[in-house]
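See below for input.pdb, which holds PDB, C-alpha atoms.
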```pdb
ATOM      1  CA  MET A  46      -1.493  -3.068 -34.863
ATOM      2  CA  ASN A  47      -3.613  -0.065 -33.903
ATOM      3  CA  THR A  48      -4.516   0.962 -30.360
ATOM      4  CA  ALA A  49      -8.185   0.093 -30.819
ATOM      5  CA  THR A  50      -7.143  -3.528 -31.300
ATOM      6  CA  LEU A  51      -4.937  -3.426 -28.197
ATOM      7  CA  LYS A  52      -7.525  -1.888 -25.855
ATOM      8  CA  PRO A  53      -9.245  -5.216 -25.065
ATOM      9  CA  VAL A  54      -5.843  -6.819 -24.360
ATOM     10  CA  PHE A  55      -4.831  -4.034 -21.987
ATOM     11  CA  ALA A  56      -8.250  -4.027 -20.337
ATOM     12  CA  LEU A  57      -8.048  -7.773 -19.727
ATOM     13  CA  CYS A  58      -4.509  -7.476 -18.337
ATOM     14  CA  ALA A  59      -5.644  -4.652 -16.044
ATOM     15  CA  LEU A  60      -8.595  -6.756 -14.914
ATOM     16  CA  LEU A  61      -6.358  -9.714 -14.131
ATOM     17  CA  LEU A  62      -3.950  -7.514 -12.208
ATOM     18  CA  SER A  63      -6.642  -5.836 -10.166
ATOM     19  CA  ALA A  64      -8.780  -8.881  -9.562
ATOM     20  CA  SER A  65      -6.082 -11.359  -8.805
ATOM     21  CA  PRO A  66      -5.889 -12.556  -5.218
ATOM     22  CA  MET A  67      -2.244 -11.617  -5.036
ATOM     23  CA  ALA A  68      -2.484  -8.154  -6.600
ATOM     24  CA  GLY A  69       0.064  -6.039  -4.831
ATOM     25  CA  GLU A  70       2.350  -9.029  -4.254
ATOM     26  CA  HIS A  71       5.292  -6.772  -5.115
ATOM     27  CA  GLN A  72       4.907  -5.229  -1.670
ATOM     28  CA  ALA A  73       5.507  -8.443   0.221
ATOM     29  CA  HIS A  74       9.009  -7.284   1.099
ATOM     30  CA  GLY A  75       8.039  -4.080   2.880
ATOM     31  CA  ALA A  76       5.842  -1.041   3.201
ATOM     32  CA  CYS A  77       3.783   0.401   0.395
ATOM     33  CA  PRO A  78       6.073   2.759  -1.532
ATOM     34  CA  HIS A  79       3.255   5.260  -2.050
ATOM     35  CA  HIS A  80       2.914   6.364   1.571
ATOM     36  CA  SER A  81       4.726   5.956   4.847
ATOM     37  CA  ASN A  82       2.035   4.042   6.754
ATOM     38  CA  VAL A  83       2.808   0.416   7.453
ATOM     39  CA  ASP A  84      -0.114  -0.183   9.775
ATOM     40  CA  GLY A  85      -2.710  -0.920   7.098
ATOM     41  CA  GLN A  86      -3.999   2.628   6.601
ATOM     42  CA  ALA A  87      -5.817   3.319   3.361
ATOM     43  CA  CYS A  88      -3.607   3.641   0.319
ATOM     44  CA  SER A  89      -5.362   5.391  -2.542
ATOM     45  CA  HIS A  90      -2.815   4.093  -5.054
ATOM     46  CA  HIS A  91      -4.042   0.525  -4.617
ATOM     47  CA  GLY A  92      -7.652   1.313  -3.779
ATOM     48  CA  LYS A  93      -7.494  -0.955  -0.735
ATOM     49  CA  ALA A  94      -5.660  -0.892   2.536
ATOM     50  CA  CYS A  95      -2.038  -1.848   2.025
ATOM     51  CA  LYS A  96      -1.626  -5.272   3.516
ATOM     52  CA  HIS A  97       1.641  -6.229   1.885
ATOM     53  CA  GLY A  98       0.455  -8.617  -0.795
ATOM     54  CA  LYS A  99      -2.825  -9.570   0.829
ATOM     55  CA  HIS A 100      -5.217  -8.008  -1.653
ATOM     56  CA  GLY A 101      -8.016  -9.639  -3.549
ATOM     57  CA  ASP A 102     -10.684 -12.270  -3.290
ATOM     58  CA  MET A 103      -8.682 -14.884  -1.397
ATOM     59  CA  ASN A 104      -7.760 -12.474   1.396
ATOM     60  CA  GLU A 105     -11.287 -11.069   1.582
ATOM     61  CA  MET A 106     -12.543 -14.634   1.974
ATOM     62  CA  ARG A 107     -10.037 -15.197   4.804
ATOM     63  CA  GLU A 108     -11.132 -11.996   6.539
ATOM     64  CA  ARG A 109     -14.789 -13.045   6.381
ATOM     65  CA  LEU A 110     -13.956 -16.513   7.685
ATOM     66  CA  ASP A 111     -12.009 -14.972  10.588
ATOM     67  CA  LYS A 112     -15.215 -13.237  11.710
ATOM     68  CA  LEU A 113     -17.148 -16.513  11.994
ATOM     69  CA  ASP A 114     -15.839 -17.956  15.268
ATOM     70  CA  LEU A 115     -14.559 -21.123  13.619
ATOM     71  CA  SER A 116     -13.848 -24.166  15.752
ATOM     72  CA  ASP A 117     -10.287 -25.473  15.984
ATOM     73  CA  THR A 118     -11.202 -28.300  13.609
ATOM     74  CA  GLN A 119     -12.704 -25.865  11.105
ATOM     75  CA  ARG A 120      -9.621 -23.628  11.307
ATOM     76  CA  GLN A 121      -7.377 -26.615  10.642
ATOM     77  CA  GLU A 122      -9.508 -27.728   7.677
ATOM     78  CA  MET A 123      -9.602 -24.162   6.296
ATOM     79  CA  GLY A 124      -5.821 -23.979   6.640
ATOM     80  CA  SER A 125      -5.458 -27.202   4.666
ATOM     81  CA  LEU A 126      -7.854 -25.910   2.024
ATOM     82  CA  PHE A 127      -5.966 -22.641   1.570
ATOM     83  CA  ALA A 128      -2.660 -24.564   1.506
ATOM     84  CA  ILE A 129      -3.995 -26.545  -1.463
ATOM     85  CA  TYR A 130      -5.323 -23.570  -3.426
ATOM     86  CA  GLU A 131      -2.694 -20.867  -2.762
ATOM     87  CA  PRO A 132       0.103 -22.489  -4.811
ATOM     88  CA  ARG A 133      -2.307 -23.096  -7.690
ATOM     89  CA  VAL A 134      -3.454 -19.463  -7.621
ATOM     90  CA  ARG A 135       0.145 -18.216  -7.427
ATOM     91  CA  GLU A 136       1.073 -20.334 -10.460
ATOM     92  CA  VAL A 137      -1.735 -18.786 -12.525
ATOM     93  CA  ILE A 138      -0.621 -15.306 -11.459
ATOM     94  CA  LYS A 139       3.041 -16.077 -12.190
ATOM     95  CA  ARG A 140       2.224 -17.190 -15.741
ATOM     96  CA  GLY A 141       0.327 -13.967 -16.335
ATOM     97  CA  GLN A 142       3.119 -11.823 -14.904
ATOM     98  CA  GLN A 143       5.729 -13.460 -17.113
ATOM     99  CA  GLY A 144       3.682 -12.719 -20.224
ATOM    100  CA  ARG A 145       3.053  -9.103 -19.223
ATOM    101  CA  GLU A 146       6.737  -8.573 -18.446
ATOM    102  CA  ALA A 147       7.726  -9.990 -21.830
ATOM    103  CA  LEU A 148       5.197  -7.707 -23.524
ATOM    104  CA  VAL A 149       6.580  -4.641 -21.751
ATOM    105  CA  MET A 150      10.136  -5.519 -22.811
ATOM    106  CA  ALA A 151       9.258  -6.283 -26.461
ATOM    107  CA  THR A 152       9.626  -3.755 -29.285
ATOM    108  CA  PRO A 153       6.254  -2.496 -30.594
ATOM    109  CA  GLY A 154       5.669  -3.027 -34.303
ATOM    110  CA  SER A 155       7.919  -6.054 -34.729
ATOM    111  CA  ASN A 156       6.570  -9.436 -35.806
ATOM    112  CA  ASP A 157       7.622 -10.861 -32.454
ATOM    113  CA  TYR A 158       5.618  -8.151 -30.710
ATOM    114  CA  ASN A 159       2.451  -8.958 -32.630
ATOM    115  CA  ASN A 160       2.892 -12.683 -31.926
ATOM    116  CA  LEU A 161       3.567 -11.911 -28.274
ATOM    117  CA  ILE A 162       0.356  -9.869 -28.043
ATOM    118  CA  SER A 163      -1.592 -12.859 -29.318
ATOM    119  CA  ALA A 164       0.139 -15.240 -26.918
ATOM    120  CA  VAL A 165      -0.268 -12.945 -23.892
ATOM    121  CA  SER A 166      -3.932 -12.249 -24.648
ATOM    122  CA  LEU A 167      -4.621 -15.978 -25.030
ATOM    123  CA  GLU A 168      -2.807 -16.731 -21.765
ATOM    124  CA  ALA A 169      -4.717 -13.900 -20.051
ATOM    125  CA  SER A 170      -8.059 -15.348 -21.099
ATOM    126  CA  VAL A 171      -7.056 -18.864 -20.027
ATOM    127  CA  SER A 172      -5.670 -17.543 -16.726
ATOM    128  CA  ALA A 173      -8.804 -15.510 -16.043
ATOM    129  CA  GLY A 174     -10.913 -18.624 -16.527
ATOM    130  CA  GLU A 175      -8.647 -20.706 -14.301
ATOM    131  CA  MET A 176      -8.711 -18.027 -11.604
ATOM    132  CA  VAL A 177     -12.510 -17.910 -11.601
ATOM    133  CA  VAL A 178     -12.693 -21.706 -11.277
ATOM    134  CA  LEU A 179     -10.037 -21.894  -8.535
ATOM    135  CA  LEU A 180     -11.630 -19.175  -6.417
ATOM    136  CA  ALA A 181     -15.116 -20.614  -6.908
ATOM    137  CA  GLU A 182     -13.900 -24.089  -5.877
ATOM    138  CA  LEU A 183     -12.114 -22.675  -2.832
ATOM    139  CA  GLN A 184     -15.160 -20.701  -1.755
ATOM    140  CA  ALA A 185     -17.508 -23.678  -2.264
ATOM    141  CA  ASN A 186     -15.225 -26.013  -0.306
ATOM    142  CA  ALA A 187     -14.749 -23.490   2.511
ATOM    143  CA  TYR A 188     -18.483 -22.755   2.617
ATOM    144  CA  ALA A 189     -19.254 -26.479   2.915
ATOM    145  CA  LEU A 190     -17.187 -26.616   6.126
ATOM    146  CA  LEU A 191     -19.378 -23.989   7.817
ATOM    147  CA  THR A 192     -22.402 -24.582  10.019
ATOM    148  CA  ASP A 193     -25.774 -23.192   8.892
ATOM    149  CA  GLU A 194     -25.395 -20.244  11.267
ATOM    150  CA  GLN A 195     -21.879 -19.506   9.996
ATOM    151  CA  GLN A 196     -23.091 -19.729   6.394
ATOM    152  CA  GLN A 197     -25.776 -17.139   7.123
ATOM    153  CA  LYS A 198     -23.237 -14.820   8.751
ATOM    154  CA  TYR A 199     -20.825 -15.345   5.840
ATOM    155  CA  GLN A 200     -23.560 -14.371   3.359
ATOM    156  CA  ALA A 201     -24.409 -11.310   5.470
ATOM    157  CA  LEU A 202     -20.742 -10.251   5.440
ATOM    158  CA  LYS A 203     -20.608 -10.659   1.651
ATOM    159  CA  GLN A 204     -23.775  -8.581   1.268
ATOM    160  CA  GLU A 205     -22.324  -5.923   3.562
ATOM    161  CA  ALA A 206     -19.232  -5.740   1.336
ATOM    162  CA  ARG A 207     -21.416  -5.472  -1.795
ATOM    163  CA  ASP A 208     -23.503  -2.710  -0.222
ATOM    164  CA  LYS A 209     -20.377  -0.825   0.817
ATOM    165  CA  ALA A 210     -18.946  -1.083  -2.709
ATOM    166  CA  ALA A 211     -22.246   0.064  -4.256
ATOM    167  CA  ALA A 212     -22.409   3.047  -1.888
ATOM    168  CA  LYS A 213     -18.849   3.983  -2.788
ATOM    169  CA  MET A 214     -19.649   3.804  -6.514
ATOM    170  CA  LYS A 215     -22.765   5.897  -5.991
ATOM    171  CA  GLU A 216     -20.771   8.467  -4.017
ATOM    172  CA  LYS A 217     -18.156   8.607  -6.761
ATOM    173  CA  ALA A 218     -20.826   9.103  -9.445
ATOM    174  CA  ALA A 219     -22.501  11.851  -7.388
ATOM    175  CA  LYS A 220     -19.161  13.625  -6.982
ATOM    176  CA  LYS A 221     -18.541  13.425 -10.716
ATOM    177  CA  ASP A 222     -22.051  14.760 -11.449
ATOM    178  CA  ALA A 223     -21.506  17.617  -8.977
ATOM    179  CA  GLU A 224     -18.240  18.529 -10.689
ATOM    180  CA  LYS A 225     -20.000  18.589 -14.059
ATOM    181  CA  ALA A 226     -22.848  20.709 -12.683
ATOM    182  CA  ALA A 227     -20.375  23.153 -11.126
ATOM    183  CA  GLY A 228     -18.775  23.595 -14.522
ATOM    184  CA  SER A 229     -15.474  22.033 -13.605
ATOM    185  CA  ALA A 230     -13.305  21.377 -16.599
ATOM    186  CA  PRO A 231     -13.378  17.711 -17.595
ATOM    187  CA  ARG A 232     -10.179  15.784 -17.204
ATOM    188  CA  ARG A 233      -8.087  16.247 -20.273
ATOM    189  CA  ASN A 234      -6.006  13.614 -22.006
ATOM    190  CA  PRO A 235      -2.428  14.935 -21.756
ATOM    191  CA  PHE A 236      -1.565  13.389 -25.118
ATOM    192  CA  THR A 237      -4.161  15.254 -27.170
ATOM    193  CA  PRO A 238      -3.309  18.638 -28.683
TER
END
```

Whole structure, structure tokens version:
Amino acid sequence: MNTATLKPVFALCALLLSASPMAGEHQAHGACPHHSNVDGQACSHHGKACKHGKHGDMNEMRERLDKLDLSDTQRQEMGSLFAIYEPRVREVIKRGQQGREALVMATPGSNDYNNLISAVSLEASVSAGEMVVLLAELQANAYALLTDEQQQKYQALKQEARDKAAAKMKEKAAKKDAEKAAGSAPRRNPFTP
């Protein structure tokens, strides 16, 4: 199987890893291995602050909800909601991790490898769909527990996060354009002659 055929599989696996609510779960046992800060300082390796397994949509939702001055009843209901969805999300992630680990350990070019690629890519697409549904259900159920005022603040916080991400992307593009204009050598693929 050629690399052009594998690119969509790898891209989907990368997307699932980066977008999953538990991305970075491997750090749950201690500090980020890529720097010595354990107090949540930015970690460029992960692209987000290291929070020991608390990356992704589910944690971002929690952080937004924490800023809403929830009542005790709302906090209890939110806790119950997250207790229902977290195990389901973890199960989806676990299935994906098992497939990726098997793919890494398999021998490229063998019949088993080609079959494994098909199985892992199918599981990745199913898992991605399940993850979207689970997170959408969780967000809808959590949102329904909020007052009108809290819903407005929640939407404002989401928009603030979108604006921040867009500004960061724009800044990155401007930096890249400036490097091109300055005549900086483009990044070279180390595997090309």

Using the chain letters and numbers from the file, which residues does the PyMOL selection byres ((chain A and resi 184-198) around 9) grab, as a ChimeraX atom specification? /A:103,106,109-110,112-115,119,122-123,126-127,179-183,199-203

For C-alpha atoms, I'd like the residues from the last selection saved as a compact mmCIF listing (two decimals), keeping the file's coordinate frame.
```txt
# COMPACT_ATOMS: atom_id res chain seq x y z
CA MET A 103 -8.68 -14.88 -1.40
CA MET A 106 -12.54 -14.63 1.97
CA ARG A 109 -14.79 -13.04 6.38
CA LEU A 110 -13.96 -16.51 7.68
CA LYS A 112 -15.22 -13.24 11.71
CA LEU A 113 -17.15 -16.51 11.99
CA ASP A 114 -15.84 -17.96 15.27
CA LEU A 115 -14.56 -21.12 13.62
CA GLN A 119 -12.70 -25.86 11.10
CA GLU A 122 -9.51 -27.73 7.68
CA MET A 123 -9.60 -24.16 6.30
CA LEU A 126 -7.85 -25.91 2.02
CA PHE A 127 -5.97 -22.64 1.57
CA LEU A 179 -10.04 -21.89 -8.54
CA LEU A 180 -11.63 -19.18 -6.42
CA ALA A 181 -15.12 -20.61 -6.91
CA GLU A 182 -13.90 -24.09 -5.88
CA LEU A 183 -12.11 -22.68 -2.83
CA TYR A 199 -20.82 -15.34 5.84
CA GLN A 200 -23.56 -14.37 3.36
CA ALA A 201 -24.41 -11.31 5.47
CA LEU A 202 -20.74 -10.25 5.44
CA LYS A 203 -20.61 -10.66 1.65
```

Quick check, in Å to one decimal: how far apart do atom CA of Ala173 of chain A and atom CA of Leu161 of chain A lie? 17.8 Å

Between A:Asn160, A:Thr152, A:Ser172, A:Ser125, which one has atoms that come closest to Lys139 of chain A, using all atoms listed in the file?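 Ranked by minimum distance to Lys139 of chain A, first place goes to A:Ser172.
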
Given the file above and the PyMOL selection byres ((chain A and resi 176) around 10), which residues are selected, and can you give them as a list in words?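 Selection result, ordered by chain and number: Leu61, Ala64, Ser65, Pro66, Arg133, Val134, Arg135, Val137, Ile138, Ser170, Val171, Ser172, Ala173, Gly174, Glu175, Val177, Val178, Leu179, Leu180, Ala181 and Glu182 of chain A.
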
To box segment 195-211 of chain A, take all atoms listed in the file, fit an axis-aligned box, add 5 Å on each side, and give centre and edge lengths in Å to one decimal, as AutoDock Vina command-line options.
```
--center_x -22.4 --center_y -9.8 --center_z 2.9 --size_x 16.8 --size_y 29.8 --size_z 24.3
```

Please indicate the distance in Å from atom CA of Ala219 of chain A to atom CA of Pro235 of chain A, rounded to one decimal place.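 Computed distance, atom CA of Ala219 of chain A to atom CA of Pro235 of chain A, equals 24.9 Å.
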
Just give me the gap between atom CA of Val165 of chain A and atom CA of Thr237 of chain A in Å, one decimal is fine. 28.7 Å

Check the smallest atom-to-atom distance from each of A:Arg145, A:Met150, A:Arg107, A:Ile129 to Ser163 of chain A using only C-alpha atoms, then report the winner.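 Residue with the minimum atom-to-atom distance to Ser163 of chain A: A:Arg145.
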